[in-house]
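Shown here: final04.txt, compact mmCIF, C-alpha atoms.
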# COMPACT_ATOMS: atom_id res chain seq x y z
CA MET A 219 -132.51 12.52 134.68
CA TRP A 220 -128.80 12.28 135.44
CA ILE A 221 -127.24 10.41 138.30
CA TYR A 222 -123.57 11.08 138.88
CA GLU A 223 -121.28 8.22 139.74
CA LYS A 224 -118.35 9.15 141.90
CA LYS A 225 -115.67 7.39 139.88
CA LEU A 226 -113.88 7.97 136.59
CA GLN A 227 -114.70 5.78 133.60
CA TYR A 228 -110.97 5.07 133.15
CA PRO A 229 -108.08 4.96 135.67
CA VAL A 230 -106.27 8.15 134.65
CA ARG A 231 -102.58 8.36 135.44
CA VAL A 232 -100.25 11.24 134.68
CA SER A 233 -96.62 10.38 135.32
CA THR A 234 -94.67 13.50 134.38
CA CYS A 235 -95.07 16.96 135.89
CA ASN A 236 -95.46 18.89 132.65
CA PRO A 237 -98.09 21.64 132.83
CA LYS A 238 -97.40 22.49 129.18
CA LEU A 239 -99.54 19.51 128.18
CA ALA A 240 -102.53 21.01 130.00
CA LYS A 241 -102.55 23.83 127.46
CA TYR A 242 -103.15 21.35 124.65
CA LEU A 243 -105.44 19.01 126.58
CA ILE A 244 -107.85 21.86 127.21
CA GLU A 245 -108.66 21.74 123.47
CA GLN A 246 -110.66 18.60 124.22
CA TYR A 247 -112.35 20.29 127.17
CA GLY A 248 -113.64 23.55 125.70
CA GLY A 249 -112.72 23.22 122.04
CA ALA A 250 -114.90 22.85 118.95
CA ASP A 251 -114.34 19.11 118.65
CA GLY A 252 -114.01 18.43 122.34
CA GLU A 253 -115.99 16.40 124.82
CA LEU A 254 -118.24 19.25 125.99
CA ALA A 255 -119.27 19.98 122.41
CA ALA A 256 -119.93 16.29 121.83
CA ALA A 257 -122.01 15.83 124.99
CA LEU A 258 -124.16 18.91 124.45
CA ARG A 259 -124.57 18.18 120.75
CA TYR A 260 -125.87 14.63 121.19
CA LEU A 261 -127.95 15.32 124.30
CA ASN A 262 -129.66 18.16 122.47
CA GLN A 263 -130.21 16.42 119.14
CA ARG A 264 -131.98 13.52 120.82
CA TYR A 265 -135.21 15.52 121.27
CA SER A 266 -135.80 15.72 117.56
CA ILE A 267 -134.61 12.37 116.28
CA PRO A 268 -136.59 9.17 115.48
CA ASP A 269 -137.28 7.02 118.53
CA LYS A 270 -135.07 4.14 117.52
CA VAL A 271 -131.99 6.34 117.72
CA ILE A 272 -132.78 8.32 120.91
CA GLY A 273 -131.20 5.70 123.17
CA LEU A 274 -127.92 5.84 121.29
CA LEU A 275 -127.69 9.64 121.44
CA THR A 276 -128.56 9.63 125.14
CA ASP A 277 -125.99 6.97 125.96
CA ILE A 278 -123.15 8.40 123.90
CA GLY A 279 -123.94 11.92 125.15
CA THR A 280 -123.74 10.70 128.72
CA GLU A 281 -120.46 8.89 128.04
CA GLU A 282 -119.03 12.12 126.62
CA LEU A 283 -119.73 13.85 129.94
CA ALA A 284 -117.65 11.10 131.56
CA HIS A 285 -114.88 11.83 129.06
CA LEU A 286 -115.10 15.53 129.88
CA GLU A 287 -114.41 14.52 133.46
CA ILE A 288 -111.38 12.50 132.34
CA ILE A 289 -109.88 15.46 130.48
CA ALA A 290 -110.60 17.66 133.49
CA THR A 291 -108.79 15.15 135.69
CA MET A 292 -105.73 15.18 133.42
CA VAL A 293 -105.61 18.98 133.39
CA TYR A 294 -106.24 19.11 137.14
CA LYS A 295 -103.38 16.72 137.88
CA LEU A 296 -101.01 18.68 135.63
CA THR A 297 -101.81 22.09 137.09
CA LYS A 298 -102.90 21.68 140.70
CA ASP A 299 -99.38 22.06 142.11
CA ALA A 300 -98.04 24.55 139.58
CA THR A 301 -96.75 27.95 140.65
CA PRO A 302 -97.71 31.03 138.62
CA GLU A 303 -94.16 30.96 137.24
CA GLN A 304 -94.54 27.38 136.05
CA LEU A 305 -97.90 28.19 134.49
CA LYS A 306 -96.41 31.16 132.65
CA GLU A 307 -93.66 28.91 131.33
CA ALA A 308 -96.28 26.43 130.20
CA GLY A 309 -97.97 29.11 128.12
CA LEU A 310 -100.85 29.32 130.58
CA GLY A 311 -100.08 32.80 131.91
CA ALA A 312 -103.14 34.36 130.31
CA HIS A 313 -105.31 31.58 131.70
CA TYR A 314 -103.83 32.06 135.17
CA ALA A 315 -104.45 35.81 135.12
CA ASN A 316 -108.12 35.12 134.62
CA HIS A 317 -108.67 31.80 136.38
CA ASP A 318 -105.74 30.87 138.67
CA ASN A 319 -105.61 27.09 138.12
CA ALA A 320 -109.34 26.72 137.71
CA LEU A 321 -110.44 24.89 134.61
CA PHE A 322 -112.50 26.71 132.05
CA TYR A 323 -114.31 25.92 128.84
CA HIS A 324 -111.93 27.36 126.28
CA ASN A 325 -109.74 25.79 123.64
CA ALA A 326 -105.95 25.58 123.41
CA ALA A 327 -105.87 29.07 121.90
CA GLY A 328 -107.96 30.49 124.74
CA VAL A 329 -111.13 30.92 122.65
CA PRO A 330 -114.12 30.34 124.91
CA TRP A 331 -116.60 27.58 124.10
CA THR A 332 -119.64 28.59 122.08
CA ALA A 333 -122.84 26.87 121.01
CA SER A 334 -121.81 27.76 117.45
CA TYR A 335 -119.65 24.66 117.67
CA ILE A 336 -122.71 22.43 117.62
CA GLN A 337 -125.80 22.08 115.52
CA ALA A 338 -129.20 20.41 115.57
CA LYS A 339 -130.77 20.62 112.13
CA GLY A 340 -133.84 18.58 113.06
CA ASP A 341 -133.01 16.40 110.06
CA PRO A 342 -131.91 12.98 111.34
CA ILE A 343 -129.48 12.29 108.49
CA ALA A 344 -127.88 15.73 108.74
CA ASP A 345 -127.62 15.40 112.52
CA LEU A 346 -126.08 11.94 112.39
CA TYR A 347 -123.55 12.93 109.73
CA GLU A 348 -122.55 15.88 111.91
CA ASP A 349 -122.10 13.43 114.77
CA ILE A 350 -119.92 11.09 112.70
CA ALA A 351 -117.81 14.05 111.61
CA ALA A 352 -117.51 15.24 115.21
CA GLU A 353 -116.24 11.86 116.33
CA GLU A 354 -113.69 11.70 113.51
CA LYS A 355 -112.50 15.22 114.32
CA ALA A 356 -112.14 14.31 117.98
CA ARG A 357 -110.21 11.18 117.01
CA ALA A 358 -107.80 13.26 114.95
CA THR A 359 -107.38 15.81 117.74
CA TYR A 360 -106.36 13.08 120.17
CA GLN A 361 -103.76 11.96 117.60
CA TRP A 362 -102.24 15.44 117.50
CA ILE A 363 -102.17 15.74 121.28
CA ILE A 364 -100.55 12.30 121.57
CA ASN A 365 -97.94 13.49 119.04
CA MET A 366 -97.00 16.34 121.35
CA SER A 367 -96.95 14.40 124.60
CA ASP A 368 -94.14 12.20 125.84
CA ASP A 369 -95.93 11.07 128.99
CA PRO A 370 -96.67 7.36 128.44
CA ASP A 371 -99.33 7.09 131.16
CA LEU A 372 -101.15 10.19 129.96
CA ASN A 373 -100.95 8.86 126.42
CA ASP A 374 -102.58 5.59 127.47
CA GLY A 375 -105.53 7.65 128.67
CA LEU A 376 -105.58 9.62 125.42
CA ARG A 377 -105.44 6.38 123.44
CA PHE A 378 -108.45 5.15 125.40
CA LEU A 379 -110.38 8.32 124.59
CA ARG A 380 -109.38 8.11 120.92
CA GLU A 381 -110.52 4.50 120.70
CA ARG A 382 -113.89 5.50 122.19
CA GLU A 383 -114.27 8.06 119.38
CA ILE A 384 -113.74 5.26 116.85
CA ILE A 385 -116.49 3.23 118.50
CA HIS A 386 -118.86 6.20 118.70
CA ALA A 387 -118.35 6.92 115.01
CA GLN A 388 -119.13 3.28 114.31
CA ARG A 389 -122.40 3.47 116.25
CA PHE A 390 -123.48 6.67 114.51
CA ARG A 391 -122.74 5.06 111.12
CA GLU A 392 -124.91 2.13 112.21
CA ALA A 393 -127.65 4.56 113.24
CA VAL A 394 -127.64 5.94 109.68
CA GLU A 395 -127.96 2.38 108.37
CA ILE A 396 -130.89 1.82 110.72
CA LEU A 397 -132.60 4.99 109.49
CA LYS A 398 -132.07 3.98 105.86
CA GLU A 399 -134.47 1.14 106.73
CA GLU A 400 -132.96 -1.39 104.38
CA ARG A 401 -132.05 -3.86 107.06
CA ASP A 402 -135.07 -6.17 106.67
CA ARG A 403 -136.44 -5.01 109.95
CA LYS A 404 -139.78 -4.00 108.48
CA LYS A 405 -142.70 -5.97 109.81
CA PHE A 406 -145.84 -6.23 107.73
CA PHE A 407 -149.11 -7.17 109.35
CA MET B 1141 -105.13 14.02 154.79
CA LYS B 1142 -106.07 10.39 154.25
CA GLN B 1143 -104.45 8.28 151.56
CA MET B 1144 -106.31 5.39 149.98
CA PRO B 1145 -104.86 1.88 150.41
CA LYS B 1146 -103.71 -0.31 147.51
CA GLU B 1147 -106.91 -2.39 147.78
CA TYR B 1148 -108.94 0.72 147.01
CA TYR B 1149 -107.27 1.19 143.64
CA GLU B 1150 -107.60 -2.52 142.83
CA LEU B 1151 -111.30 -2.67 143.65
CA LEU B 1152 -111.92 0.60 141.83
CA GLU B 1153 -110.25 -0.77 138.72
CA GLN B 1154 -112.29 -3.98 138.93
CA LEU B 1155 -115.46 -1.90 139.01
CA GLN B 1156 -114.24 0.31 136.16
CA THR B 1157 -113.49 -2.84 134.15
CA VAL B 1158 -117.00 -4.29 134.50
CA ASP B 1159 -118.60 -0.88 133.98
CA PHE B 1160 -116.64 -0.36 130.79
CA ALA B 1161 -117.88 -3.64 129.32
CA LEU B 1162 -121.42 -2.59 130.28
CA ILE B 1163 -121.06 0.76 128.52
CA ASP B 1164 -119.67 -0.78 125.33
CA LEU B 1165 -122.43 -3.39 125.35
CA THR B 1166 -125.03 -0.67 125.95
CA LEU B 1167 -123.92 1.23 122.86
CA TYR B 1168 -123.84 -2.00 120.85
CA LEU B 1169 -127.33 -2.99 121.99
CA ASP B 1170 -128.66 0.47 121.11
CA THR B 1171 -128.04 -0.44 117.47
CA HIS B 1172 -128.42 -4.22 117.79
CA PRO B 1173 -131.55 -4.69 119.91
CA ASP B 1174 -132.06 -8.29 118.77
CA ASP B 1175 -128.71 -9.77 119.83
CA TYR B 1176 -129.84 -12.28 122.43
CA GLN B 1177 -126.35 -13.40 123.38
CA ALA B 1178 -125.22 -9.81 123.96
CA ILE B 1179 -128.21 -9.15 126.21
CA GLN B 1180 -127.33 -12.24 128.22
CA GLN B 1181 -123.75 -11.03 128.60
CA PHE B 1182 -125.05 -7.58 129.58
CA ASN B 1183 -127.34 -8.93 132.29
CA GLN B 1184 -124.64 -11.20 133.70
CA LEU B 1185 -122.26 -8.26 133.92
CA ALA B 1186 -124.98 -6.08 135.43
CA GLN B 1187 -125.31 -8.58 138.24
CA LYS B 1188 -121.53 -8.71 138.70
CA ARG B 1189 -121.52 -4.93 138.85
CA LYS B 1190 -124.17 -4.97 141.60
CA GLN B 1191 -121.89 -7.17 143.70
CA LEU B 1192 -118.80 -5.07 143.08
CA LYS B 1193 -120.67 -1.83 143.77
CA LYS B 1194 -121.86 -3.21 147.11
CA GLN B 1195 -118.36 -4.39 147.98
CA TYR B 1196 -116.82 -1.04 147.08
CA GLU B 1197 -119.45 1.00 148.90
CA THR B 1198 -119.18 -1.05 152.08
CA SER B 1199 -115.52 -0.12 152.37
CA TYR B 1200 -115.31 3.25 150.67
CA GLY B 1201 -118.70 4.94 150.82
CA PRO B 1202 -121.46 5.84 148.38
CA LEU B 1203 -120.86 5.94 144.63
CA GLN B 1204 -124.13 7.60 143.61
CA GLN B 1205 -126.26 10.39 144.95
CA TYR B 1206 -129.97 10.98 145.35
CA GLY B 1207 -130.60 7.67 147.09
CA ASN B 1208 -128.98 5.38 144.54
CA SER B 1209 -126.48 4.46 147.22
CA TYR B 1210 -126.80 4.25 151.00
CA SER B 1211 -125.14 6.78 153.27
CA ASN B 1212 -123.20 6.24 156.45
CA TYR B 1213 -123.42 8.40 159.52
CA PRO B 1214 -122.29 11.15 159.34
CA TRP B 1215 -123.21 11.89 155.71
CA ASN B 1216 -120.25 10.66 153.67
CA TRP B 1217 -121.21 11.50 150.07
CA ASP B 1218 -118.97 14.56 150.41
CA ASP B 1219 -115.88 12.64 151.53
CA ALA B 1220 -112.59 12.96 149.67
CA PRO B 1221 -111.19 11.76 147.40
CA TRP B 1222 -113.27 12.87 144.46
CA PRO B 1223 -112.52 11.04 141.21
CA TRP B 1224 -110.10 13.62 139.81
CA GLN B 1225 -108.17 13.65 143.08
CA VAL B 1226 -107.71 9.87 143.32
CA MET C 958 -109.14 -7.60 105.76
CA PHE C 959 -108.39 -3.91 105.92
CA THR C 960 -105.40 -1.77 106.91
CA THR C 961 -105.64 1.20 109.23
CA ARG C 962 -102.87 3.36 107.87
CA LYS C 963 -102.51 4.75 104.36
CA GLN C 964 -99.74 6.83 102.86
CA TYR C 965 -99.42 9.50 100.24
CA HIS C 966 -96.53 11.54 98.84
CA PRO C 967 -96.94 15.31 98.72
CA TYR C 968 -95.38 17.15 95.80
CA VAL C 969 -91.81 18.30 96.52
CA SER C 970 -90.65 21.43 94.77
CA PRO C 971 -86.97 22.28 94.24
CA PHE C 972 -87.85 25.70 95.65
CA ASP C 973 -89.27 24.40 98.95
CA PRO C 974 -87.38 26.22 101.73
CA CYS C 975 -87.57 23.48 104.35
CA HIS C 976 -86.46 19.88 104.40
CA PRO C 977 -89.35 18.05 102.68
CA ILE C 978 -91.60 15.46 104.31
CA ARG C 979 -91.87 12.96 101.48
CA THR C 980 -94.39 10.54 102.97
CA LYS C 981 -97.53 11.49 104.88
CA THR C 982 -99.55 8.90 106.71
CA TYR C 983 -103.24 9.04 107.56
CA VAL C 984 -105.51 6.81 109.59
CA THR C 985 -108.34 4.77 108.10
CA ALA C 986 -110.02 3.49 111.25
CA PRO C 987 -111.88 0.15 111.40
CA ASN C 988 -115.22 1.93 111.49
CA LEU C 989 -114.79 2.79 107.80
CA TYR C 990 -114.80 -0.86 106.80
CA ILE C 991 -117.57 -2.32 108.96
CA PRO C 992 -120.88 -0.84 107.83
CA PHE C 993 -122.82 -2.75 110.49
CA GLN C 994 -121.14 -4.74 113.23
CA PRO C 995 -122.09 -8.42 112.89
CA PRO C 996 -122.89 -10.39 116.07
CA ASN C 997 -120.47 -12.72 117.87
CA LEU C 998 -117.23 -10.97 117.01
CA PRO C 999 -114.25 -11.90 119.20
CA GLN C 1000 -113.90 -9.87 122.41
CA PHE C 1001 -110.97 -8.93 124.61
CA PRO C 1002 -110.90 -10.25 128.18
CA LEU C 1003 -112.55 -7.58 130.34
CA HIS C 1004 -109.51 -6.04 132.01
CA GLU C 1005 -107.83 -5.67 128.61
CA ALA C 1006 -110.98 -4.17 127.12
CA LEU C 1007 -110.91 -1.32 129.64
CA LYS C 1008 -107.30 -0.46 128.89
CA LYS C 1009 -107.77 -0.73 125.13
CA GLY C 1010 -111.04 1.20 125.00
CA THR C 1011 -113.08 -1.42 123.17
CA LEU C 1012 -114.70 -4.76 123.94
CA TRP C 1013 -114.35 -6.02 120.34
CA LYS C 1014 -110.94 -6.79 118.89
CA ILE C 1015 -111.82 -5.72 115.37
CA PHE C 1016 -112.15 -2.06 116.38
CA TYR C 1017 -108.88 -1.85 118.27
CA ASP C 1018 -106.59 0.64 116.57
CA PRO C 1019 -103.90 2.00 118.93
CA TYR C 1020 -102.23 5.26 117.99
CA TYR C 1021 -98.64 6.00 118.94
CA SER C 1022 -96.87 9.22 118.17
CA PRO C 1023 -94.57 8.79 115.17
CA TYR C 1024 -92.17 11.07 117.02
CA GLU C 1025 -92.25 8.81 120.10
CA MET C 1026 -91.21 5.92 117.87
CA ALA C 1027 -88.40 7.97 116.33
CA HIS C 1028 -86.99 8.69 119.77
CA LYS C 1029 -87.04 5.05 120.76
CA GLY C 1030 -85.07 4.26 117.62
CA ASP C 1031 -82.27 6.50 118.88
CA GLY C 1032 -81.29 3.85 121.39
CA GLN C 1033 -82.81 5.58 124.44
This entry written out as structure tokens:
Amino acid sequence: MWIYEKKLQYPVRVSTCNPKLAKYLIEQYGGADGELAAALRYLNQRYSIPDKVIGLLTDIGTEELAHLEIIATMVYKLTKDATPEQLKEAGLGAHYANHDNALFYHNAAGVPWTASYIQAKGDPIADLYEDIAAEEKARATYQWIINMSDDPDLNDGLRFLREREIIHAQRFREAVEILKEERDRKKFF
Amino acid sequence: MKQMPKEYYELLEQLQTVDFALIDLTLYLDTHPDDYQAIQQFNQLAQKRKQLKKQYETSYGPLQQYGNSYSNYPWNWDDAPWPWQV
Amino acid sequence: MFTTRKQYHPYVSPFDPCHPIRTKTYVTAPNLYIPFQPPNLPQFPLHEALKKGTLWKIFYDPYYSPYEMAHKGDGQ
């Protein structure tokens, strides 16, 4: 069951009016390695994973939804006051023709999100390795977006999100260690 | 159109700060269920969060829906600003 | 202790049309070196933890654009 909390996980600030950045940020909204893919991937895998790892997938999946909201906030702030002309200049003309300044689940190239981006093999090791890879890919994507952005406040938010990916990858690696069952946690009766 | 006062942003950030520690501890405890000290820290912060949530909601309205927060009269769950507008 | 940046040097051909990038850097994040987080690692104070994105200092690995740094070097 999901309860929504009416606040962002992180205090997002965007200090420069530069709608061009929205075009790249959207990669983490509707892209293959973005937050939507992460959330849906983990929340779906958790139905077919050993009990001791279900909590982790649920909690990280839920946090990814919060990150999705953060990206949406960044894009919203960058585009809410833009004229069609400004959006065209920002490379978002095609998006505007379809959506005005509404957000949508597509990547920076305009390719719409698809469930082909995620997988649930039903094999815990395969699933967890996919999750680790997803987190590393997301981390790298944030690096490339930071490289293109000269907005220091926005970049602080992106650095936060990138750091969270590092932590998530860490937890998934630990989950693999737990499933290897070599951590002396066996109890014999 | 109402603007939020400085105190709103400060209290919001205090709540975000405690909530962040709780999230990071939650993920840690998901893979370290036997860390007694971490559970203590978690529960202490959970109590702090309860206080901050109450303080925030008294001044600025409900944070959660479906009865996890109280409503004023008239119904104020729908009030601006929403998080991406703040 | 570990480092979080590594470098390598791509092959440069005399026939490369563009000015070569001689050194490439990649990230090796802390999570590669800590197979299982031990208990009682040092934490940031809470308000710093939020800004940095992690409660535990060992995982903190800030990323700044190399191009941002280059600009700053130009005396701006």
Within 7 Å of chain A, which residues of chain B show up? Give each one with its shortest atom-to-atom distance in Å (one decimal) and the two atoms involved, counting only C-alpha atoms, rows by chain then rising residue number, as a tab-separated table.
residue	atom	partner	partner_atom	distance
B:Glu1153	CA	A:Pro229	CA	6.8
B:Gln1156	CA	A:Gln227	CA	6.1
B:Leu1167	CA	A:Leu274	CA	6.3
B:Asp1170	CA	A:Leu274	CA	5.4
B:Thr1171	CA	A:Ala393	CA	6.6
B:Leu1203	CA	A:Lys224	CA	4.9
B:Gln1204	CA	A:Glu223	CA	4.8
B:Gln1205	CA	A:Tyr222	CA	6.7
B:Trp1222	CA	A:Lys224	CA	6.8
B:Pro1223	CA	A:Lys225	CA	5.0
B:Trp1224	CA	A:Thr291	CA	4.6
field: Distance filter 10 Å, only C-alpha atoms, chain C against chain B, as a VMD selection string
entry: chain C and resid 993 to 997 1001 to 1008 1010 to 1013
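The interatomic distance for the pair CA of Ala257 (chain A) and CA of Gly279 (chain A) works out to 4.4 Å.
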field: For chain C, the nearest of the candidates A:Arg377, A:Lys238, A:His324, A:His317, counting all atoms listed in the file
entry: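 Smallest separation from chain C among the options: A:Arg377.
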- request: Please measure the separation of CA of Asn325 (chain A) and CA of Asp369 (chain A), giving the value in Å to one decimal.
  value: 20.9 Å
- prompt: Expressed in Å to a single decimal, how great is the separation between CA of Leu243 (chain A) and CA of Lys981 (chain C)?
  reply: 24.3 Å
Closest atom pairs, chain C residues within 8 Å of chain A, all atoms listed in the file, as CSV:
residue,atom,partner,partner_atom,distance
C:Ala986,CA,A:Ile384,CA,7.0
C:Pro987,CA,A:Ile384,CA,7.7
C:Asn988,CA,A:Gln388,CA,5.0
C:Leu989,CA,A:Gln388,CA,7.8
C:Ile991,CA,A:Gln388,CA,7.9
C:Pro992,CA,A:Glu392,CA,6.7
C:Phe993,CA,A:Glu392,CA,5.6
C:Gln994,CA,A:Glu392,CA,7.9
C:Leu1007,CA,A:Tyr228,CA,7.3
C:Lys1008,CA,A:Phe378,CA,6.7
C:Lys1009,CA,A:Phe378,CA,5.9
C:Gly1010,CA,A:Phe378,CA,4.7
C:Thr1011,CA,A:Glu381,CA,6.9
C:Phe1016,CA,A:Ile385,CA,7.2
C:Tyr1017,CA,A:Glu381,CA,7.0
C:Asp1018,CA,A:Glu381,CA,6.9
C:Pro1019,CA,A:Arg377,CA,6.5
C:Tyr1020,CA,A:Arg377,CA,6.4
C:Tyr1021,CA,A:Ile364,CA,7.1
C:Ser1022,CA,A:Asn365,CA,4.5
C:Pro1023,CA,A:Asn365,CA,7.0
C:Tyr1024,CA,A:Asn365,CA,6.6
C:Glu1025,CA,A:Asp368,CA,6.9
- request: List the residues sitting within 9 Å of (-97.1, 4.3, 99.9) in the file's frame, using all atoms listed in the file, as a list in words.
  value: Lys963, Gln964, Tyr965, His966, Thr980, Lys981 and Thr982 of chain C
field: Shortest interatomic distance to Glu245 (chain A) - which of A:Gln337, A:Lys355, A:Leu283, A:Ala327, counting all atoms listed in the file
entry: A:Ala327
Contact residues around Gln1195 (chain B) with all atoms listed in the file at 12 Å, ignoring same-chain residues under 4 positions, as a PyMOL selection string: chain B and resi 1147-1148+1151-1152+1154-1155+1188-1191+1199-1203
statement: Nearest to Thr280 (chain A), restricted to all atoms listed in the file and choosing among B:Gln1143, B:Ser1209, B:Gln1187, B:Thr1166, comes out as B:Thr1166
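The smallest atom-to-atom distance between Leu254 (chain A) and any of A:Ile350, A:Trp331, A:Pro237, A:Glu399, using all atoms listed in the file, is found for A:Trp331.
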Starting from the structure just given, write a file holding region 304-328 of chain A with C-alpha atoms, as a short mmCIF file (atom, residue, chain, number, x, y, z; two decimals), in the first residue's frame.
data_model
loop_
_atom_site.label_atom_id
_atom_site.label_comp_id
_atom_site.auth_asym_id
_atom_site.auth_seq_id
_atom_site.Cartn_x
_atom_site.Cartn_y
_atom_site.Cartn_z
CA GLN A 304 11.92 29.30 -25.75
CA LEU A 305 11.00 25.62 -25.79
CA LYS A 306 11.82 25.39 -29.50
CA GLU A 307 15.18 26.99 -28.81
CA ALA A 308 15.77 24.48 -26.03
CA GLY A 309 15.27 21.61 -28.47
CA LEU A 310 11.88 20.81 -26.96
CA GLY A 311 9.76 21.88 -29.94
CA ALA A 312 8.70 18.34 -30.76
CA HIS A 313 7.77 17.75 -27.13
CA TYR A 314 5.76 20.98 -27.04
CA ALA A 315 3.84 20.08 -30.19
CA ASN A 316 2.63 16.95 -28.48
CA HIS A 317 2.50 17.91 -24.80
CA ASP A 318 2.72 21.71 -24.30
CA ASN A 319 4.85 21.85 -21.13
CA ALA A 320 3.41 18.70 -19.65
CA LEU A 321 5.94 16.13 -18.55
CA PHE A 322 5.97 12.78 -20.24
CA TYR A 323 7.76 9.48 -19.87
CA HIS A 324 10.24 9.66 -22.71
CA ASN A 325 14.01 9.95 -22.83
CA ALA A 326 16.21 12.82 -23.99
CA ALA A 327 15.83 11.62 -27.59
CA GLY A 328 12.04 11.54 -27.31
#
